[in-house]
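Source file: query30.cif; contents: mmCIF, C-alpha atoms.
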data_model
#
loop_
_atom_site.label_atom_id
_atom_site.label_comp_id
_atom_site.auth_asym_id
_atom_site.auth_seq_id
_atom_site.Cartn_x
_atom_site.Cartn_y
_atom_site.Cartn_z
CA MET A 1366 4.68 14.66 23.54
CA ASP A 1367 4.92 17.82 21.42
CA SER A 1368 5.20 17.14 17.73
CA SER A 1369 8.63 17.62 16.25
CA TRP A 1370 9.35 20.37 13.74
CA LEU A 1371 9.38 17.70 11.04
CA VAL A 1372 5.79 16.70 11.82
CA GLN A 1373 4.78 20.36 11.93
CA ALA A 1374 6.55 21.12 8.65
CA ALA A 1375 4.87 18.15 6.95
CA GLN A 1376 1.46 19.15 8.30
CA ARG A 1377 1.95 22.72 7.12
CA LEU A 1378 2.80 21.50 3.62
CA ALA A 1379 -0.20 19.13 3.78
CA GLN A 1380 -2.36 22.25 4.11
CA ASP A 1381 -0.50 24.66 1.86
CA SER A 1382 0.49 22.58 -1.17
CA SER A 1383 -1.52 23.35 -4.27
CA ALA A 1384 -1.66 19.82 -5.71
CA TYR A 1385 -3.91 17.26 -4.04
CA GLU A 1386 -1.30 14.52 -4.44
CA GLU A 1387 1.28 16.63 -2.63
CA ARG A 1388 -1.09 17.39 0.23
CA ALA A 1389 -1.78 13.66 0.52
CA PHE A 1390 1.93 12.88 0.48
CA PHE A 1391 2.76 15.34 3.27
CA GLN A 1392 -0.24 14.25 5.31
CA ALA A 1393 0.90 10.61 5.12
CA LEU A 1394 4.50 11.69 5.79
CA SER A 1395 3.46 13.42 9.02
CA GLN A 1396 1.74 10.18 10.12
CA LEU A 1397 4.83 8.16 9.27
CA VAL A 1398 7.04 10.48 11.31
CA LEU A 1399 4.67 10.25 14.28
CA GLU A 1400 4.94 6.47 14.05
CA GLN A 1401 8.73 6.74 13.73
CA GLU A 1402 8.86 8.90 16.88
CA LYS A 1403 6.62 6.48 18.77
CA ARG A 1404 8.90 3.59 17.86
CA ILE A 1405 11.97 5.58 18.88
CA ALA A 1406 10.39 6.37 22.27
CA GLN A 1407 9.39 2.72 22.75
CA ALA A 1408 12.90 1.48 21.95
CA GLN A 1409 14.40 4.06 24.32
CA GLY A 1410 11.93 2.96 26.99
CA GLU A 1411 12.89 -0.66 26.58
CA ILE A 1412 16.60 0.19 26.76
CA ASP A 1413 16.01 2.17 29.99
CA GLY A 1414 13.94 -0.67 31.41
CA ARG A 1415 16.51 -3.30 30.63
CA SER A 1416 19.35 -1.11 31.95
CA TRP A 1417 17.52 -0.88 35.30
CA ASP A 1418 18.91 -4.12 36.63
CA GLU A 1419 18.38 -4.25 40.39
CA GLN A 1420 20.59 -7.33 40.68
CA ALA A 1421 23.53 -5.28 39.51
CA TRP A 1422 23.15 -2.73 42.33
CA MET B 495 8.56 -3.02 -11.31
CA GLN B 496 5.74 -3.13 -13.86
CA THR B 497 2.35 -3.21 -12.16
CA LEU B 498 -0.74 -3.96 -14.25
CA ILE B 499 -4.09 -2.97 -12.74
CA ILE B 500 -7.02 -4.77 -14.30
CA VAL B 501 -10.10 -2.79 -13.34
CA ALA B 502 -13.43 -4.61 -13.44
CA HIS B 503 -16.21 -2.12 -12.78
CA PRO B 504 -19.47 -2.10 -14.78
CA GLN B 505 -19.96 1.67 -14.25
CA LEU B 506 -16.37 2.79 -14.16
CA ALA B 507 -16.97 6.36 -15.31
CA GLU B 508 -19.45 6.96 -12.47
CA SER B 509 -17.29 5.49 -9.73
CA SER B 510 -15.64 8.23 -7.67
CA THR B 511 -13.58 5.61 -5.83
CA GLN B 512 -12.11 4.29 -9.06
CA GLN B 513 -11.41 7.78 -10.39
CA PHE B 514 -9.62 8.55 -7.15
CA LEU B 515 -7.54 5.38 -7.28
CA ARG B 516 -6.69 6.06 -10.89
CA ARG B 517 -4.85 9.23 -9.89
CA GLY B 518 -2.80 7.19 -7.46
CA ALA B 519 -1.95 4.62 -10.11
CA GLU B 520 -0.85 7.30 -12.59
CA LEU B 521 1.53 8.83 -10.07
CA VAL B 522 3.45 5.59 -9.73
CA ALA B 523 3.29 4.79 -13.46
CA ALA B 524 1.25 1.61 -13.03
CA THR B 525 -0.69 0.46 -16.11
CA TRP B 526 -4.41 1.14 -15.76
CA HIS B 527 -6.36 -1.40 -17.77
CA PRO B 528 -10.16 -1.16 -17.50
CA LEU B 529 -11.97 -4.28 -18.71
CA THR B 530 -14.60 -4.02 -21.40
CA GLN B 531 -16.74 -6.65 -23.05
CA ASN B 532 -14.45 -6.73 -26.05
CA PHE B 533 -10.92 -7.99 -25.66
CA THR B 534 -8.46 -10.16 -27.55
CA ILE B 535 -7.26 -13.16 -25.60
CA ALA B 536 -3.74 -13.10 -27.06
CA ALA B 537 -3.34 -9.38 -26.29
CA GLU B 538 -4.55 -9.86 -22.72
CA GLN B 539 -2.18 -12.77 -22.20
CA SER B 540 0.83 -10.88 -23.50
CA GLN B 541 -0.03 -7.88 -21.31
CA LEU B 542 -0.12 -10.21 -18.30
CA GLN B 543 3.24 -11.66 -19.25
CA ALA B 544 4.81 -8.20 -19.49
CA ALA B 545 3.79 -7.36 -15.92
CA GLN B 546 5.54 -8.32 -12.72
CA ARG B 547 2.65 -7.52 -10.38
CA ILE B 548 -0.94 -8.13 -11.48
CA ILE B 549 -3.78 -6.42 -9.63
CA TRP B 550 -7.46 -7.23 -10.01
CA GLN B 551 -9.42 -4.24 -8.83
CA PHE B 552 -13.16 -4.39 -8.40
CA PRO B 553 -16.18 -3.53 -6.24
CA LEU B 554 -17.41 -6.47 -4.17
CA TYR B 555 -20.59 -7.95 -5.71
CA TRP B 556 -22.05 -10.84 -3.75
CA TYR B 557 -18.68 -11.53 -2.07
CA SER B 558 -16.90 -11.77 -5.39
CA ALA B 559 -15.98 -9.74 -8.47
CA PRO B 560 -18.47 -8.42 -11.03
CA ALA B 561 -19.24 -10.96 -13.76
CA MET B 562 -17.00 -9.16 -16.28
CA LEU B 563 -13.90 -10.25 -14.38
CA LYS B 564 -15.05 -13.86 -14.19
CA ALA B 565 -15.77 -13.87 -17.94
CA TRP B 566 -12.31 -12.44 -18.59
CA GLN B 567 -10.67 -15.04 -16.29
CA ASP B 568 -12.49 -17.91 -17.95
CA GLN B 569 -11.38 -16.84 -21.41
CA VAL B 570 -7.89 -15.45 -20.82
CA LEU B 571 -6.59 -17.77 -18.10
CA THR B 572 -6.93 -20.95 -20.10
CA SER B 573 -5.67 -24.13 -18.49
CA LYS B 574 -3.00 -24.36 -21.19
CA PHE B 575 -1.77 -20.81 -20.49
CA ALA B 576 -2.09 -20.65 -16.71
CA ILE B 577 -1.61 -24.25 -15.60
CA GLN B 578 0.22 -26.34 -18.20
CA GLN B 579 2.54 -23.58 -19.41
CA GLN B 580 2.65 -21.86 -16.01
CA ALA B 581 2.91 -18.65 -18.04
CA LEU B 582 2.37 -16.44 -14.98
CA ALA B 583 4.54 -18.35 -12.51
CA GLY B 584 6.73 -16.17 -10.34
CA LYS B 585 4.59 -13.04 -10.82
CA GLU B 586 2.53 -11.51 -8.05
CA LEU B 587 -1.25 -11.30 -7.77
CA GLY B 588 -2.96 -8.71 -5.58
CA LEU B 589 -6.60 -7.69 -5.19
CA VAL B 590 -7.93 -4.20 -4.59
CA VAL B 591 -11.52 -4.59 -3.42
CA THR B 592 -13.92 -1.76 -2.68
CA THR B 593 -17.00 -2.16 -0.51
CA ASN B 594 -19.62 0.03 1.08
CA THR B 595 -19.66 -2.13 4.20
CA PRO B 596 -17.48 -1.20 7.18
CA ALA B 597 -14.43 -3.31 8.07
CA ARG B 598 -15.87 -4.25 11.48
CA ASP B 599 -18.65 -6.27 9.76
CA TYR B 600 -16.22 -8.76 8.23
CA GLN B 601 -15.50 -11.03 11.17
CA SER B 602 -17.05 -14.04 12.81
CA GLY B 603 -20.06 -13.03 14.87
CA ALA B 604 -20.46 -9.70 13.07
CA ALA B 605 -22.96 -8.77 10.35
CA GLU B 606 -21.13 -10.46 7.46
CA GLN B 607 -19.87 -13.42 9.55
CA PHE B 608 -16.79 -14.03 7.41
CA THR B 609 -13.42 -12.36 7.00
CA PHE B 610 -12.01 -11.15 3.69
CA ALA B 611 -9.33 -13.85 3.93
CA GLU B 612 -12.14 -16.43 3.85
CA LEU B 613 -14.28 -14.76 1.20
CA LEU B 614 -11.43 -14.20 -1.23
CA ARG B 615 -10.06 -17.73 -0.91
CA PRO B 616 -10.97 -18.78 -4.52
CA TYR B 617 -8.61 -16.08 -5.84
CA GLN B 618 -5.86 -17.35 -3.56
CA ALA B 619 -6.46 -20.88 -4.89
CA LEU B 620 -6.21 -19.56 -8.45
CA ALA B 621 -2.90 -17.87 -7.58
CA ASN B 622 -1.63 -21.08 -6.03
CA LYS B 623 -2.54 -23.17 -9.06
CA SER B 624 -0.94 -20.70 -11.46
CA GLY B 625 2.29 -20.25 -9.54
CA LEU B 626 1.43 -16.63 -8.73
CA HIS B 627 2.69 -15.19 -5.46
CA TRP B 628 -0.39 -14.11 -3.50
CA LEU B 629 -0.26 -10.63 -1.92
CA PRO B 630 -2.32 -9.52 1.07
CA PRO B 631 -5.50 -8.00 -0.44
CA PHE B 632 -6.02 -4.24 -0.22
CA ILE B 633 -9.57 -3.52 0.91
CA VAL B 634 -11.15 -0.08 0.64
CA HIS B 635 -14.10 0.27 3.01
CA GLN B 636 -16.74 2.99 2.59
CA PHE B 637 -14.67 5.39 0.53
CA SER B 638 -17.41 8.01 0.38
CA TYR B 639 -17.67 8.15 4.19
CA GLN B 640 -13.96 8.69 4.69
CA THR B 641 -12.67 12.06 5.89
CA ASP B 642 -10.31 14.11 3.72
CA ILE B 643 -7.37 12.95 5.78
CA GLN B 644 -8.41 9.29 5.56
CA GLN B 645 -8.71 9.59 1.80
CA GLN B 646 -5.30 11.22 1.56
CA GLN B 647 -3.79 8.38 3.55
CA LEU B 648 -5.62 5.89 1.36
CA LEU B 649 -4.06 7.41 -1.76
CA ILE B 650 -0.56 6.94 -0.35
CA ALA B 651 -1.27 3.44 1.01
CA TYR B 652 -2.61 2.47 -2.43
CA GLN B 653 0.51 3.79 -4.16
CA GLN B 654 2.65 1.82 -1.74
CA TYR B 655 0.54 -1.30 -2.37
CA LEU B 656 1.23 -0.96 -6.10
CA THR B 657 4.96 -0.41 -5.78
CA LEU B 658 6.46 -1.78 -2.57
CA ALA B 659 7.34 -5.36 -1.67
CA GLN B 660 4.27 -6.76 0.10
CA PRO B 661 3.70 -6.92 2.96
CA ALA B 662 5.94 -3.85 3.30
CA THR B 663 8.01 -3.42 6.45
CA PHE B 664 8.13 -0.12 8.31
CA ALA B 665 11.71 0.37 7.08
CA GLU B 666 10.55 -0.06 3.47
CA ARG B 667 7.78 2.46 3.96
CA GLN B 668 10.26 4.94 5.43
CA GLN B 669 12.48 4.54 2.38
CA TRP B 670 9.51 5.00 0.06
CA PHE B 671 8.87 8.43 1.60
CA GLU B 672 12.56 9.32 1.34
CA GLN B 673 12.60 8.44 -2.35
CA ARG B 674 9.45 10.41 -3.09
CA LEU B 675 10.83 13.39 -1.20
CA GLN B 676 14.03 13.12 -3.22
CA GLN B 677 12.01 13.34 -6.44
CA MET B 678 10.16 16.37 -5.13
CA ILE B 679 13.43 18.07 -4.20
CA ALA B 680 14.72 17.58 -7.73
CA GLN B 681 11.65 19.32 -9.16
CA ALA B 682 11.09 21.97 -6.50
CA PRO B 683 11.74 25.68 -7.07
CA ALA B 684 14.92 26.88 -5.33
CA ALA B 685 12.97 28.69 -2.59
CA GLN B 686 11.33 25.46 -1.46
CA ARG B 687 14.24 23.13 -2.05
CA THR B 688 16.16 24.03 1.11
CA GLN B 689 13.22 23.26 3.35
CA LEU B 690 12.55 19.93 1.64
CA GLU B 691 16.23 19.02 1.95
CA LEU B 692 16.16 19.79 5.69
CA MET B 693 13.09 17.58 6.04
CA GLN B 694 14.77 14.83 4.06
CA ASN B 695 17.87 14.96 6.30
CA GLU B 696 15.77 14.85 9.45
CA LEU B 697 13.75 11.93 8.13
CA ILE B 698 16.95 9.98 7.41
CA ASN B 699 18.39 10.90 10.84
CA LYS B 700 15.28 9.53 12.51
CA ARG B 701 15.43 6.35 10.45
CA ASP B 702 19.10 5.89 11.48
CA ASP B 703 18.30 6.63 15.14
CA LEU B 704 15.52 4.08 15.13
CA ALA B 705 17.69 1.42 13.44
CA GLU B 706 20.45 2.00 16.00
CA LEU B 707 18.06 1.83 18.96
CA ARG B 708 16.45 -1.32 17.59
CA TRP B 709 19.90 -2.86 17.26
CA THR B 710 20.69 -2.02 20.90
CA VAL B 711 17.36 -3.46 22.02
CA GLU B 712 18.07 -6.70 20.16
CA GLN B 713 21.51 -6.96 21.76
CA MET B 714 20.07 -6.38 25.24
CA ARG B 715 17.28 -8.91 24.70
CA GLU B 716 19.80 -11.50 23.60
CA ALA B 717 22.04 -10.81 26.62
CA ASP B 718 19.04 -10.99 29.02
CA ASP B 719 17.59 -14.24 27.67
#

Hey, can you dump this file as structure tokens for me?
Amino acid sequence: MDSSWLVQAAQRLAQDSSAYEERAFFQALSQLVLEQEKRIAQAQGEIDGRSWDEQAW
Amino acid sequence: MQTLIIVAHPQLAESSTQQFLRRGAELVAATWHPLTQNFTIAAEQSQLQAAQRIIWQFPLYWYSAPAMLKAWQDQVLTSKFAIQQQALAGKELGLVVTTNTPARDYQSGAAEQFTFAELLRPYQALANKSGLHWLPPFIVHQFSYQTDIQQQQLLIAYQQYLTLAQPATFAERQQWFEQRLQQMIAQAPAAQRTQLELMQNELINKRDDLAELRWTVEQMREADD
């Protein structure tokens, strides 16, 4: 999956910010968003799976 | 929440790990209290009483804290203060432990044989006896071998350990980032503010999307069971 613009924006700021603490913050933010996106995809997958009810055909 | 970090390190000034963690503590306005040989028992006790979360932070020496922390405990945590009066009851106790040994060594069958939960049990017993709520310990393994990115993530995880309810849920960690971003927006120059605001909105949208999807999943699971 391509990273979202939010992940890219956070990673860019993690490289460009002048203060170490800010770089750390944006680095950790990009990881959080990746985790958020993974959880969203997993929930969507489970919803699709559970909607696929062959007994209802 | 007032977090008090009691740092027990015999060579504090030379410890790059402790200097690094100190920056993290300052950013979240936690009180940084390095132990020395000289302290006043009454002052230490009143500082403990003013805190909501108490952290003992130390390098692991023979599976325990350096002697200076034990000496401090024996003198400050008197049985009258900590047990009879229950002066610390309802507060939280967390440990931040640094070690040069990798995490994989602390398990049965591995080099160290024992887990941190086992090794740190005496501190948990102390918390139990004193009515302190025991937090999951925060262990820093091999700081000097960590990559830049690992160290950056450590700084943020440490700040969250000092400030968030523990153990923190994913939702709580999301909100922590939103709040920090909000503070940055308030201080950012106008040119940068718009971008940070867009990021903030997108972060909140994703949090809402996830909450809604999770809700749907729960409903479907209930209906299927």

Review point. So, counting all atoms listed in the file, which residue among B:Gln636, B:Gln569, B:Thr641, B:Gln551 is closest to Leu589 in chain B?
Key: B:Gln551

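Within 6 Å of chain B, and using all atoms listed in the file, the residues found on chain A are Ala1389, Ala1393, Ile1405 and Ala1408 of chain A.
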
Review point. Written as an NGL selection string, what is the full residue list that the PyMOL selection byres ((chain A and resi 1376) around 10) yields on the file shown?
Key: :A and (1370-1375 or 1377-1381 or 1388 or 1391-1396)

Practice item. Excluding Ile499 in chain B and any residue of its chain fewer than 3 positions from it, enumerate the residues within 9 Å of it, using all atoms listed in the file, and give them as a ChimeraX atom specification. Key: /B:519,524-528,547-551,656

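Nearest residue to Asn695 in chain B, choosing from B:Gln546, B:Thr593, B:Gln541, B:Gln676 and counting only C-alpha atoms: B:Gln676.
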
Exercise for review: Report as number ranges by chain the full result of the PyMOL selection byres ((chain B and resi 570-582) around 7) when it is applied to this structure.
Suggested key: B: 535, 538-539, 543, 566-569, 583-585, 623-626

Produce the centre coordinates and the three edge lengths, each in Å to one decimal, of the box along x, y and z that contains all listed atoms of range 674-683 of chain B with 8 Å added on each side, as AutoDock Vina command-line options.
--center_x 12.1 --center_y 18.0 --center_z -5.2 --size_x 21.3 --size_y 31.3 --size_z 24.0

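Of the residues listed (A:Ser1369, A:Glu1387, A:Arg1415, A:Ser1382), A:Ser1369 shows the shortest atom-to-atom separation from Lys1403 in chain A; distances use only C-alpha atoms.
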
Practice item. Would you work out the distance separating CA of Gln601 in chain B from CA of Tyr555 in chain B, expressed in Å to one decimal? Key: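 CA of Tyr555 in chain B lies at a distance of 17.9 Å from CA of Gln601 in chain B.
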
Practice item. Figure out the distance between CA of Tyr639 in chain B and CA of His503 in chain B, please, to one decimal in Å. Key: 19.9 Å

Exercise for review: Can you pull out every residue within 9 Å of Ala611 in chain B, counting only C-alpha atoms, but drop anything in the same chain fewer than 6 positions away, and send it as a count of residues only?
Suggested key: 3

Review point. Quick one: distance from CA of Pro560 in chain B to CA of Gly603 in chain B in Å, one decimal?
Key: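 One can read the CA of Pro560 in chain B to CA of Gly603 in chain B distance as 26.4 Å.
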
Check your understanding: Quick one: which residues end up in the PyMOL selection byres ((chain B and resi 610) around 10) for this structure, as a list of chain:residue names?
Key -> B:Tyr557, B:Val591, B:Ala597, B:Tyr600, B:Gln601, B:Glu606, B:Phe608, B:Thr609, B:Ala611, B:Glu612, B:Leu613, B:Leu614, B:Arg615, B:Pro631, B:Phe632, B:Ile633
